[in-house]
Structure formats: C-alpha cells, structure tokens
file upload_33.txt (compact mmCIF, C-alpha atoms and all ligand atoms)
# COMPACT_ATOMS: atom_id res chain seq x y z
CA MET J 1 2.54 20.29 -4.63
CA ALA J 2 2.20 18.19 -1.46
CA ALA J 3 -1.13 16.37 -1.11
CA ARG J 4 -3.37 18.00 1.50
CA VAL J 5 -4.65 15.41 3.96
CA LEU J 6 -7.24 16.07 6.66
CA VAL J 7 -6.65 13.90 9.74
CA PHE J 8 -9.42 13.33 12.29
CA GLY J 9 -7.66 13.22 15.68
CA ARG J 10 -4.93 15.48 17.01
CA ALA J 11 -3.58 14.38 20.42
CA GLY J 12 -4.07 10.63 19.96
CA GLN J 13 -1.14 8.24 19.46
CA VAL J 14 -1.53 7.75 15.71
CA ALA J 15 -2.50 11.38 15.04
CA ARG J 16 0.68 12.56 16.81
CA ALA J 17 2.79 10.05 14.91
CA LEU J 18 1.35 11.44 11.66
CA ALA J 19 2.15 14.99 12.79
CA GLU J 20 5.74 14.03 13.60
CA ARG J 21 6.38 12.14 10.34
CA PRO J 22 3.97 13.45 7.66
CA GLY J 23 5.83 11.70 4.82
CA GLY J 24 5.93 14.72 2.53
CA MET J 25 2.19 15.38 2.76
CA ALA J 26 0.57 18.57 4.06
CA LEU J 27 -1.47 17.34 7.03
CA SER J 28 -4.10 19.29 8.95
CA PHE J 29 -5.70 17.94 12.12
CA ALA J 30 -9.24 18.00 13.51
CA GLY J 31 -9.27 16.99 17.17
CA ARG J 32 -12.19 16.94 19.60
CA ASP J 33 -11.73 20.70 19.98
CA THR J 34 -12.50 21.14 16.26
CA LEU J 35 -15.40 18.71 16.08
CA ASP J 36 -16.85 16.44 18.77
CA LEU J 37 -17.59 13.35 16.71
CA THR J 38 -20.04 12.04 19.32
CA ALA J 39 -22.29 15.10 19.08
CA PRO J 40 -25.51 14.23 17.21
CA THR J 41 -25.09 17.54 15.36
CA ALA J 42 -21.45 16.92 14.32
CA ASP J 43 -21.24 18.09 10.70
CA ILE J 44 -18.52 15.78 9.42
CA ALA J 45 -19.39 16.26 5.74
CA GLY J 46 -19.44 20.03 6.27
CA LEU J 47 -15.96 20.04 7.80
CA ILE J 48 -14.56 17.92 4.94
CA ALA J 49 -16.26 20.15 2.36
CA ARG J 50 -14.98 23.37 4.00
CA THR J 51 -11.41 22.01 4.32
CA GLY J 52 -11.37 20.64 0.75
CA PRO J 53 -8.59 18.05 1.30
CA ASP J 54 -7.09 15.69 -1.30
CA ALA J 55 -7.57 12.79 1.15
CA VAL J 56 -8.82 12.02 4.68
CA ILE J 57 -7.34 9.81 7.42
CA ASN J 58 -9.45 8.87 10.43
CA ALA J 59 -7.16 8.48 13.47
CA ALA J 60 -10.00 9.32 15.89
CA ALA J 61 -11.73 6.56 17.82
CA TYR J 62 -13.20 5.51 21.12
CA THR J 63 -10.34 3.32 22.41
CA ALA J 64 -11.14 2.89 26.14
CA VAL J 65 -11.91 -0.85 25.94
CA ASP J 66 -13.18 -1.25 29.52
CA ARG J 67 -15.12 2.05 29.72
CA ALA J 68 -16.85 1.16 26.43
CA GLU J 69 -18.80 -1.54 28.29
CA SER J 70 -20.77 1.19 30.07
CA GLU J 71 -20.86 3.68 27.14
CA PRO J 72 -21.87 1.55 24.15
CA GLN J 73 -23.79 4.31 22.40
CA ILE J 74 -21.00 6.89 22.54
CA CYS J 75 -18.56 4.19 21.47
CA ALA J 76 -20.74 3.28 18.47
CA ARG J 77 -21.06 6.90 17.42
CA LEU J 78 -17.29 7.33 17.30
CA ASN J 79 -16.34 3.92 15.93
CA ARG J 80 -19.21 3.17 13.55
CA ASP J 81 -21.26 6.28 12.68
CA ALA J 82 -18.44 8.84 12.42
CA PRO J 83 -16.22 6.81 10.04
CA LEU J 84 -19.26 6.02 7.89
CA ALA J 85 -20.07 9.74 7.60
CA MET J 86 -16.40 10.43 6.70
CA ALA J 87 -16.39 7.67 4.07
CA GLU J 88 -19.66 8.93 2.57
CA ALA J 89 -18.26 12.46 2.26
CA CYS J 90 -15.02 11.14 0.74
CA ALA J 91 -16.90 8.94 -1.75
CA ALA J 92 -19.05 11.93 -2.78
CA ALA J 93 -15.93 14.05 -3.32
CA ASP J 94 -14.05 11.11 -4.94
CA ILE J 95 -11.09 11.43 -2.55
CA PRO J 96 -9.20 8.65 -0.69
CA PHE J 97 -10.13 7.71 2.86
CA ALA J 98 -8.02 5.66 5.30
CA HIS J 99 -9.45 4.35 8.58
CA PHE J 100 -8.08 2.22 11.44
CA SER J 101 -9.65 -0.85 12.94
CA THR J 102 -8.54 -3.40 15.49
CA ASP J 103 -7.59 -7.02 16.12
CA TYR J 104 -10.36 -6.92 18.75
CA VAL J 105 -12.92 -7.52 15.97
CA PHE J 106 -11.94 -11.19 16.53
CA ASP J 107 -12.75 -13.55 19.42
CA GLY J 108 -9.18 -14.83 19.54
CA LEU J 109 -10.15 -18.49 19.30
CA LYS J 110 -8.76 -19.30 15.82
CA GLY J 111 -5.45 -20.62 17.14
CA SER J 112 -3.38 -19.22 14.27
CA PRO J 113 -2.86 -15.72 12.81
CA TYR J 114 -5.99 -14.04 11.44
CA VAL J 115 -6.21 -13.12 7.74
CA GLU J 116 -8.38 -10.36 6.30
CA SER J 117 -11.10 -12.76 5.11
CA ASP J 118 -11.68 -14.33 8.55
CA ALA J 119 -15.18 -13.63 9.89
CA ARG J 120 -15.52 -10.90 12.51
CA SER J 121 -16.45 -12.25 15.94
CA PRO J 122 -16.03 -9.52 18.60
CA VAL J 123 -16.37 -10.33 22.28
CA ASN J 124 -16.69 -6.86 23.80
CA VAL J 125 -18.43 -3.53 23.14
CA TYR J 126 -15.32 -1.84 21.70
CA GLY J 127 -14.65 -4.74 19.31
CA ARG J 128 -18.31 -4.81 18.27
CA SER J 129 -18.32 -1.06 17.52
CA LYS J 130 -15.17 -1.37 15.38
CA ALA J 131 -16.56 -4.46 13.61
CA GLU J 132 -19.78 -2.55 12.85
CA GLY J 133 -17.67 0.34 11.55
CA GLU J 134 -15.82 -2.01 9.19
CA ALA J 135 -19.08 -3.57 7.99
CA ALA J 136 -20.63 -0.14 7.37
CA LEU J 137 -17.62 0.93 5.27
CA GLU J 138 -17.71 -2.34 3.31
CA ALA J 139 -21.42 -1.91 2.57
CA LEU J 140 -20.82 1.66 1.39
CA ALA J 141 -17.93 0.55 -0.85
CA ALA J 142 -20.10 -2.23 -2.35
CA GLU J 143 -22.88 0.26 -3.09
CA ARG J 144 -20.99 3.37 -4.14
CA GLY J 145 -17.39 2.31 -4.81
CA GLY J 146 -14.98 4.85 -3.37
CA ARG J 147 -11.27 4.89 -2.68
CA GLY J 148 -10.83 3.45 0.80
CA ALA J 149 -8.40 1.60 3.05
CA VAL J 150 -9.14 0.04 6.43
CA ILE J 151 -6.02 -0.78 8.42
CA ARG J 152 -6.58 -3.36 11.15
CA THR J 153 -3.88 -3.02 13.75
CA SER J 154 -3.09 -4.22 17.25
CA TRP J 155 -1.71 -3.22 20.70
CA VAL J 156 -0.61 0.32 19.71
CA PHE J 157 2.13 2.07 21.69
CA SER J 158 4.01 5.34 21.29
CA ALA J 159 6.51 7.56 23.09
CA ARG J 160 3.82 9.68 24.67
CA GLY J 161 0.93 7.20 24.88
CA PRO J 162 -1.11 6.70 26.88
CA SER J 163 -0.48 3.01 26.22
CA PHE J 164 0.70 -0.21 27.89
CA LEU J 165 4.27 1.13 27.62
CA GLN J 166 3.51 4.15 29.84
CA SER J 167 1.45 2.01 32.28
CA MET J 168 4.32 -0.47 32.77
CA LEU J 169 6.93 2.27 33.30
CA ARG J 170 4.66 4.14 35.75
CA LEU J 171 3.90 1.01 37.81
CA ALA J 172 7.57 -0.04 37.84
CA ARG J 173 8.48 3.22 39.60
CA ASP J 174 6.66 2.02 42.74
CA ARG J 175 6.77 -1.77 42.57
CA GLU J 176 9.46 -4.41 42.34
CA GLU J 177 7.18 -7.03 40.80
CA LEU J 178 4.18 -6.76 38.49
CA GLY J 179 1.66 -9.46 37.62
CA VAL J 180 1.15 -9.34 33.84
CA VAL J 181 -1.21 -11.46 31.77
CA ASP J 182 0.59 -14.21 29.89
CA ASP J 183 -2.31 -15.95 28.13
CA GLN J 184 -3.36 -13.18 25.73
CA HIS J 185 -1.31 -12.92 22.55
CA GLY J 186 -1.00 -10.19 19.93
CA ARG J 187 1.49 -8.05 18.04
CA PRO J 188 2.57 -4.78 19.71
CA THR J 189 2.56 -2.07 17.03
CA SER J 190 4.16 1.36 17.13
CA ALA J 191 1.97 4.34 16.32
CA ASP J 192 4.72 5.30 13.83
CA ALA J 193 4.08 2.09 11.87
CA CYS J 194 0.34 2.88 11.84
CA ALA J 195 1.05 6.38 10.52
CA ALA J 196 3.48 5.12 7.88
CA ALA J 197 0.99 2.49 6.72
CA ALA J 198 -1.82 5.02 6.39
CA LEU J 199 0.37 7.40 4.38
CA ALA J 200 1.61 4.58 2.11
CA LEU J 201 -1.97 3.48 1.38
CA ILE J 202 -3.20 7.05 0.86
CA ARG J 203 -0.36 7.56 -1.63
CA ARG J 204 -1.46 4.47 -3.57
CA LEU J 205 -5.06 5.68 -3.57
CA LEU J 206 -4.04 9.17 -4.71
CA ASP J 207 -2.08 7.54 -7.55
CA ARG J 208 -5.24 5.58 -8.41
CA ASP J 209 -3.33 2.32 -8.15
CA PRO J 210 -5.72 -0.27 -9.63
CA ALA J 211 -5.05 -2.78 -6.79
CA ALA J 212 -7.41 -1.21 -4.23
CA PRO J 213 -6.18 -1.79 -0.67
CA GLY J 214 -9.60 -2.30 0.98
CA LEU J 215 -9.09 -4.09 4.30
CA VAL J 216 -5.47 -4.81 5.30
CA HIS J 217 -3.78 -6.16 8.42
CA MET J 218 -0.78 -4.17 9.67
CA ALA J 219 0.87 -4.97 13.00
CA GLY J 220 4.30 -5.00 14.60
CA ALA J 221 6.92 -7.56 13.56
CA ASP J 222 6.84 -9.65 16.78
CA ALA J 223 3.97 -11.72 18.24
CA MET J 224 3.94 -12.19 22.02
CA SER J 225 1.95 -12.11 25.26
CA TRP J 226 1.45 -8.98 27.41
CA ALA J 227 3.96 -10.48 29.87
CA ASP J 228 6.54 -10.85 27.08
CA PHE J 229 5.83 -7.28 26.00
CA ALA J 230 6.34 -6.04 29.58
CA GLU J 231 9.66 -7.88 29.85
CA THR J 232 10.83 -6.41 26.54
CA ILE J 233 9.86 -2.93 27.76
CA PHE J 234 11.72 -3.38 31.05
CA ALA J 235 14.84 -4.70 29.31
CA ALA J 236 14.91 -1.61 27.09
CA SER J 237 14.23 0.66 30.06
CA ARG J 238 16.92 -0.96 32.25
CA ALA J 239 19.47 -0.56 29.46
CA ARG J 240 18.83 3.19 29.62
CA GLY J 241 18.82 3.43 33.43
CA GLY J 242 15.01 3.70 33.52
CA PRO J 243 12.44 1.98 35.76
CA SER J 244 12.07 -1.77 35.59
CA ALA J 245 10.20 -4.48 37.52
CA ARG J 246 10.17 -8.27 37.75
CA VAL J 247 7.32 -9.74 35.68
CA ARG J 248 5.14 -12.38 37.35
CA ARG J 249 3.25 -14.22 34.60
CA ILE J 250 -0.43 -14.49 35.47
CA ALA J 251 -3.59 -15.85 33.81
CA THR J 252 -6.39 -13.60 32.53
CA ALA J 253 -8.61 -14.99 35.30
CA GLU J 254 -6.27 -13.40 37.88
CA TYR J 255 -6.77 -9.93 36.35
CA PRO J 256 -10.52 -9.45 35.87
CA THR J 257 -11.57 -6.46 33.73
CA PRO J 258 -15.01 -5.08 32.76
CA ALA J 259 -14.44 -6.03 29.09
CA VAL J 260 -13.63 -9.60 28.04
CA ARG J 261 -10.37 -9.69 26.06
CA PRO J 262 -9.77 -12.03 23.09
CA ARG J 263 -7.02 -14.56 23.83
CA ASP J 264 -5.00 -14.67 20.61
CA THR J 265 -5.43 -11.97 17.99
CA ARG J 266 -2.14 -12.31 16.13
CA LEU J 267 -2.69 -10.78 12.68
CA ASP J 268 -1.24 -12.18 9.46
CA CYS J 269 0.10 -9.08 7.70
CA SER J 270 1.46 -10.67 4.53
CA ARG J 271 -1.09 -8.95 2.26
CA MET J 272 -0.05 -5.48 3.41
CA GLU J 273 3.64 -6.36 3.25
CA ALA J 274 3.31 -7.57 -0.34
CA MET J 275 1.24 -4.53 -1.28
CA VAL J 276 3.58 -1.82 -0.03
CA GLY J 277 6.86 -3.79 0.06
CA TRP J 278 7.41 -2.73 3.64
CA ARG J 279 7.06 -4.18 7.11
CA PRO J 280 7.31 -2.58 10.56
CA PRO J 281 10.70 -2.85 12.31
CA PRO J 282 11.30 -5.39 15.12
CA LEU J 283 9.83 -4.43 18.50
CA SER J 284 13.30 -3.80 19.99
CA GLU J 285 13.96 -1.14 17.33
CA ALA J 286 10.53 0.47 17.66
CA LEU J 287 10.93 0.61 21.46
CA ALA J 288 14.46 2.06 21.17
CA ASP J 289 13.01 4.80 18.99
CA CYS J 290 10.29 5.51 21.59
CA PHE J 291 12.78 5.59 24.47
CA GLY J 292 14.98 7.97 22.47
CA ARG J 293 12.05 10.31 22.02
CA MET J 294 10.96 10.01 25.65
CA GLU J 295 14.46 11.05 26.76
CA LEU J 296 14.26 14.04 24.43
CA ALA J 297 10.82 15.06 25.71
N1 LIG F 1 -4.58 1.93 21.03
C1 LIG F 1 -4.55 0.66 20.64
O1 LIG F 1 -3.98 -0.20 21.32
C2 LIG F 1 -5.20 0.24 19.35
C3 LIG F 1 -5.19 -1.12 18.99
C4 LIG F 1 -5.80 -1.50 17.78
C5 LIG F 1 -6.38 -0.55 16.97
N2 LIG F 1 -6.38 0.76 17.35
C6 LIG F 1 -7.04 1.73 16.49
O2 LIG F 1 -6.07 2.66 16.02
C7 LIG F 1 -6.66 3.94 15.85
C8 LIG F 1 -5.85 5.00 16.56
O3 LIG F 1 -5.77 4.67 17.94
P1 LIG F 1 -4.91 5.54 18.98
O4 LIG F 1 -4.22 4.59 19.89
O5 LIG F 1 -4.14 6.58 18.26
O6 LIG F 1 -6.11 6.24 19.80
P2 LIG F 1 -6.01 7.29 20.98
O7 LIG F 1 -4.59 7.57 21.33
O8 LIG F 1 -6.93 6.82 22.05
O9 LIG F 1 -6.59 8.61 20.33
C9 LIG F 1 -7.95 8.74 20.09
C10 LIG F 1 -8.19 9.90 19.15
O10 LIG F 1 -9.60 9.99 18.98
C11 LIG F 1 -9.99 11.32 19.15
N3 LIG F 1 -11.30 11.41 19.79
C12 LIG F 1 -11.71 10.75 20.90
N4 LIG F 1 -12.95 11.13 21.23
C13 LIG F 1 -13.33 12.05 20.30
C14 LIG F 1 -14.51 12.82 20.08
N5 LIG F 1 -15.56 12.72 20.89
N6 LIG F 1 -14.55 13.66 19.02
C15 LIG F 1 -13.49 13.76 18.19
N7 LIG F 1 -12.34 13.07 18.34
C16 LIG F 1 -12.27 12.23 19.38
C17 LIG F 1 -8.97 11.96 20.07
O11 LIG F 1 -9.04 13.34 19.81
P3 LIG F 1 -8.05 14.47 20.44
O12 LIG F 1 -6.90 14.47 19.52
O13 LIG F 1 -8.83 15.72 20.43
O14 LIG F 1 -7.73 13.97 21.82
C18 LIG F 1 -7.68 11.25 19.68
O15 LIG F 1 -7.00 11.93 18.67
C19 LIG F 1 -8.10 3.79 16.36
O16 LIG F 1 -8.97 3.57 15.28
C20 LIG F 1 -8.06 2.57 17.24
O17 LIG F 1 -9.32 1.92 17.33
C21 LIG F 1 -5.79 1.18 18.51
call {"tool": "encode", "arguments": {"input": "upload_33.txt", "output": "structure tokens"}}
result
Amino acid sequence: MAARVLVFGRAGQVARALAERPGGMALSFAGRDTLDLTAPTADIAGLIARTGPDAVINAAAYTAVDRAESEPQICARLNRDAPLAMAEACAAADIPFAHFSTDYVFDGLKGSPYVESDARSPVNVYGRSKAEGEAALEALAAERGGRGAVIRTSWVFSARGPSFLQSMLRLARDREELGVVDDQHGRPTSADACAAAALALIRRLLDRDPAAPGLVHMAGADAMSWADFAETIFAASRARGGPSARVRRIATAEYPTPAVRPRDTRLDCSRMEAMVGWRPPPLSEALADCFGRMELA
C-alpha cells in the first residue's frame, strides 16, 4: 500500500510540485485554510494525530524575505515554532519528518560553496527565523532522536510561482531593458527538484535506512547571479515566442531592498547527491519543463 504522507502547504510552489508528482505516495495537503500555522492556538499535533500519516513533509513557510523585516514574530512562528511542533509530534509517533530550509541561513561571505557543517550566519529576519528553525530541530533530534530530514535549498522557481521567473516574464511584457543584480550568487532550484528530494528522503526514512539524512543541501545544477538567471529565462522565453528583455547588470547597491541579501550562497550538494544517487537536471532543462507547463496552463 502507498505510504500516506501529510504535507503542510497546499498552494505553495513545493506543495504544488508534490501534488503534481507524488512519486507513488498517497499525499494529503494541509494549507492555510486547514490550519493557520501562525495562530497561537494552532493544534499541529492534533492535526497530525487525527490524520494518522506514515510521514509528514513541511512545505509551509513564511517566504516573503522583505516583508519579514516588519513581521519578525509571525515569521518566527511559521519558520521556527511550527516546524518544531511538527517534528515533536512526528518524533512522538515515530514517523519520518522532512522540512525545508534555505541558503539564506548564511551571510554569503565564505567565498566558496557552503557545506552542511558550515556555521549559520543569517543577515536578515527570514534567514534568522529559518536558522532558528534548523537549530530547534537539531536540538530536538539530539534530545529525543527521531527520523528527520532538513533540506536546505535555494532560489526556488516553478511554472506557477510566484517566483523570480514570473517576475521577470511580467516585467519583460512592459519593458525593453531590466536592471538585474549581478553581484549575488546562488543556485536556482526547481520546485520539482525540492519535491523529488523530499520524497526520496522520506522513502529512505520509511525504510529505516541506517544512514540518517539529517541536514542536507539540495539545489539546482547551475550556480549563477540573478542577472545570469534572468538572461537564461529570457533565452528560454524567446525561443518559445514569449516575452524577453535586455538585461542590464547592476550592483546590489543600485537595488535597495528592506532585507539585506547574502552575496554568495552557492550550496555544495555532494552529500545529498551521494546519498540518493541523484542530482537535479541542468537549469535549461528545468526551465524548459516549466515553460512547457506554462503553455499548457
Ligand atoms: N521560494 C524560495 O526561493 C525558497 C528558497 C530557499 C528555500 N525555500 C524554502 O522552501 C520551502 C518551500 O518554499 P515555497 O517556495 O514552496 O514557498 P511558497 O510558495 O511561498 O509557499 C508557502 C507555503 O506556506 C504556506 N503558508 C504560508 N503561511 C501560512 C500560514 N499562516 N499557515 C499555514 N500555511 C501557511 C502556504 O499555504 P497555502 O498553500 O495555504 O497558500 C504555502 O503552501 C520553504 O521552507 C522555504 O523557506 C524557498
């Protein structure tokens, strides 16, 4: 019988990717309409107990990096307190739990790709909330054990977004040239890759594989700047007769935002690749897949 997996999140990028490609598992979804995870009364353990899943994936999060600067408490509830409550309930029921974190737990000053053991050093409210979430899950695992995976990922995009992909295509409909930041580097990652990674790790945990995943880095195959990412998007869009704009490469200082962004958060994903024997496809392929689905939508 297919494993029954409860997913927190429904309309988000990764939650939708899980719904579209459930990998042979029976997934059910709890969006904001089911349970508002920021409500002080949110009964996360109760929902998990009532649903009785074989495993839980948390694809819910507060992801509005700039808005987080003015809503630190709500952000912390979603990104630190809610995953801890989920992990506690899963540990009590002895079922696997997979959670997502972000490259923004780092300050971006290392100068080479980050590995899992690098110290967290967030520079904004969102990154701090996700770092505190990771630390809370690690403390729980040290105290009570449990079957958990934390997948740190980066620059997530999908066919329906909202993400950088949709922003670039929307802006290119009205403008011939766009200024895009060229001094922040990361690895654009498809929501499909995030979903596939979570399912692969849940499968290992269900099989009680002795090599516990713990914290793993999983990001797209290609490292680049936002300006490179924009150019790759426009090349793919142009090839399909879609909107495209000229990219003017600008410095972060020319595009001030409420939240400070880390400069270089390229993740080293070799641990995950060795563990599951799989790596995300090149960006061109992942984008082609997205464009194919956007044309179908
Ligand atoms: N987006 C990125 O660029 C990025 C980069 C690195 C890491 N990540 C991490 O990857 C994971 C998935 O991100 P994503 O891009 O899929 O996020 P997303 O598209 O912003 O979706 C957020 C999800 O959180 C749920 N949610 C938000 N507020 C909620 C609330 N008050 N109560 C209950 N649920 C709530 C939403 O529920 P509904 O379904 O009801 O709308 C939605 O499913 C997150 O942990 C994120 O931190 C994302």
call {"tool": "residues_near_ligand", "arguments": {"input": "upload_33.txt", "ligand": "ligand LIG 1 (chain F)", "cutoff": "9 Å", "atoms": "all atoms listed in the file", "output": "short mmCIF file (atom, residue, chain, number, x, y, z; two decimals) with C-alpha atoms, in the frame of the given file"}}
result
data_model
loop_
_atom_site.label_atom_id
_atom_site.label_comp_id
_atom_site.auth_asym_id
_atom_site.auth_seq_id
_atom_site.Cartn_x
_atom_site.Cartn_y
_atom_site.Cartn_z
CA PHE J 8 -9.42 13.33 12.29
CA GLY J 9 -7.66 13.22 15.68
CA ARG J 10 -4.93 15.48 17.01
CA ALA J 11 -3.58 14.38 20.42
CA GLY J 12 -4.07 10.63 19.96
CA GLN J 13 -1.14 8.24 19.46
CA VAL J 14 -1.53 7.75 15.71
CA ALA J 15 -2.50 11.38 15.04
CA ARG J 16 0.68 12.56 16.81
CA ALA J 17 2.79 10.05 14.91
CA PHE J 29 -5.70 17.94 12.12
CA ALA J 30 -9.24 18.00 13.51
CA GLY J 31 -9.27 16.99 17.17
CA ARG J 32 -12.19 16.94 19.60
CA ASP J 33 -11.73 20.70 19.98
CA THR J 34 -12.50 21.14 16.26
CA LEU J 35 -15.40 18.71 16.08
CA ASP J 36 -16.85 16.44 18.77
CA LEU J 37 -17.59 13.35 16.71
CA THR J 38 -20.04 12.04 19.32
CA ALA J 39 -22.29 15.10 19.08
CA ALA J 42 -21.45 16.92 14.32
CA ASN J 58 -9.45 8.87 10.43
CA ALA J 59 -7.16 8.48 13.47
CA ALA J 60 -10.00 9.32 15.89
CA ALA J 61 -11.73 6.56 17.82
CA TYR J 62 -13.20 5.51 21.12
CA THR J 63 -10.34 3.32 22.41
CA ALA J 64 -11.14 2.89 26.14
CA ILE J 74 -21.00 6.89 22.54
CA CYS J 75 -18.56 4.19 21.47
CA ARG J 77 -21.06 6.90 17.42
CA LEU J 78 -17.29 7.33 17.30
CA ASN J 79 -16.34 3.92 15.93
CA HIS J 99 -9.45 4.35 8.58
CA PHE J 100 -8.08 2.22 11.44
CA SER J 101 -9.65 -0.85 12.94
CA THR J 102 -8.54 -3.40 15.49
CA ASP J 103 -7.59 -7.02 16.12
CA TYR J 104 -10.36 -6.92 18.75
CA TYR J 126 -15.32 -1.84 21.70
CA GLY J 127 -14.65 -4.74 19.31
CA LYS J 130 -15.17 -1.37 15.38
CA ILE J 151 -6.02 -0.78 8.42
CA ARG J 152 -6.58 -3.36 11.15
CA THR J 153 -3.88 -3.02 13.75
CA SER J 154 -3.09 -4.22 17.25
CA TRP J 155 -1.71 -3.22 20.70
CA VAL J 156 -0.61 0.32 19.71
CA PHE J 157 2.13 2.07 21.69
CA SER J 158 4.01 5.34 21.29
CA GLY J 161 0.93 7.20 24.88
CA PRO J 162 -1.11 6.70 26.88
CA SER J 163 -0.48 3.01 26.22
CA PHE J 164 0.70 -0.21 27.89
CA PRO J 188 2.57 -4.78 19.71
CA THR J 189 2.56 -2.07 17.03
CA ALA J 191 1.97 4.34 16.32
CA CYS J 194 0.34 2.88 11.84
CA ALA J 219 0.87 -4.97 13.00
#
call {"tool": "residues_around", "arguments": {"input": "upload_33.txt", "residues": "Thr232 in chain J", "least_positions_apart": "4", "cutoff": "8 Å", "atoms": "only C-alpha atoms", "output": "PDB file with C-alpha atoms, in the frame of the given file"}}
result
ATOM      1  CA  ASP J 228       6.540 -10.850  27.080  1.00  0.00           C
ATOM      2  CA  ALA J 236      14.910  -1.610  27.090  1.00  0.00           C
ATOM      3  CA  SER J 284      13.300  -3.800  19.990  1.00  0.00           C
TER       4      SER J 284
END
call {"tool": "closest_residue", "arguments": {"input": "upload_33.txt", "among": "J:Leu84, J:Ser28, J:Gln73, J:Ile233", "to": "Ala135 in chain J", "atoms": "only C-alpha atoms"}}
result
J:Leu84
call {"tool": "atom_distance", "arguments": {"input": "upload_33.txt", "atom1": "CA of Asp207 in chain J", "atom2": "CA of Arg50 in chain J"}}
result
23.5 Å
call {"tool": "atom_distance", "arguments": {"input": "upload_33.txt", "atom1": "CA of Ile57 in chain J", "atom2": "CA of Val5 in chain J"}}
result
7.1 Å
call {"tool": "closest_residue", "arguments": {"input": "upload_33.txt", "among": "J:Arg240, J:Gly46, J:Phe291, J:Thr265", "to": "Arg120 in chain J", "atoms": "all atoms listed in the file"}}
result
J:Thr265
call {"tool": "residues_near_point", "arguments": {"input": "upload_33.txt", "point": "(-14.4, 3.2, 8.9)", "cutoff": "7 Å", "atoms": "only C-alpha atoms", "output": "list in words"}}
result
Arg80, Pro83, Leu84, Ala87, His99, Phe100, Gly133, Glu134, Leu137 and Val150 of chain J
call {"tool": "atom_distance", "arguments": {"input": "upload_33.txt", "atom1": "CA of Ala141 in chain J", "atom2": "CA of Ala89 in chain J"}}
result
12.3 Å
call {"tool": "closest_residue", "arguments": {"input": "upload_33.txt", "among": "J:Ala49, J:Leu287, J:Ala230, J:Ala142", "to": "Ser167 in chain J", "atoms": "only C-alpha atoms"}}
result
J:Ala230
call {"tool": "closest_residue", "arguments": {"input": "upload_33.txt", "among": "J:Asp264, J:Asp66, J:Asp182, J:Glu273", "to": "Phe106 in chain J", "atoms": "all atoms listed in the file"}}
result
J:Asp264
call {"tool": "closest_residue", "arguments": {"input": "upload_33.txt", "among": "J:Ala212, J:Ala76, J:Pro258, J:Ala197", "to": "Gly277 in chain J", "atoms": "all atoms listed in the file"}}
result
J:Ala197
call {"tool": "residues_around", "arguments": {"input": "upload_33.txt", "residues": "Gly220 in chain J", "least_positions_apart": "3", "cutoff": "8 Å", "atoms": "all atoms listed in the file", "output": "ChimeraX atom specification"}}
result
/J:154,187-190,193,223,280-283
call {"tool": "residues_around", "arguments": {"input": "upload_33.txt", "residues": "Ala200 in chain J", "least_positions_apart": "4", "cutoff": "12 Å", "atoms": "all atoms listed in the file", "output": "list in words"}}
result
Leu18, Pro22, Gly23, Gly24, Met25, Ile57, Pro96, Ala98, Ala149, Ile151, Ala193, Cys194, Ala195, Ala196, Arg204, Leu205, Leu206, Asp207, Asp209, Pro213, Met218, Met272, Glu273, Met275, Val276, Gly277, Trp278 and Arg279 of chain J
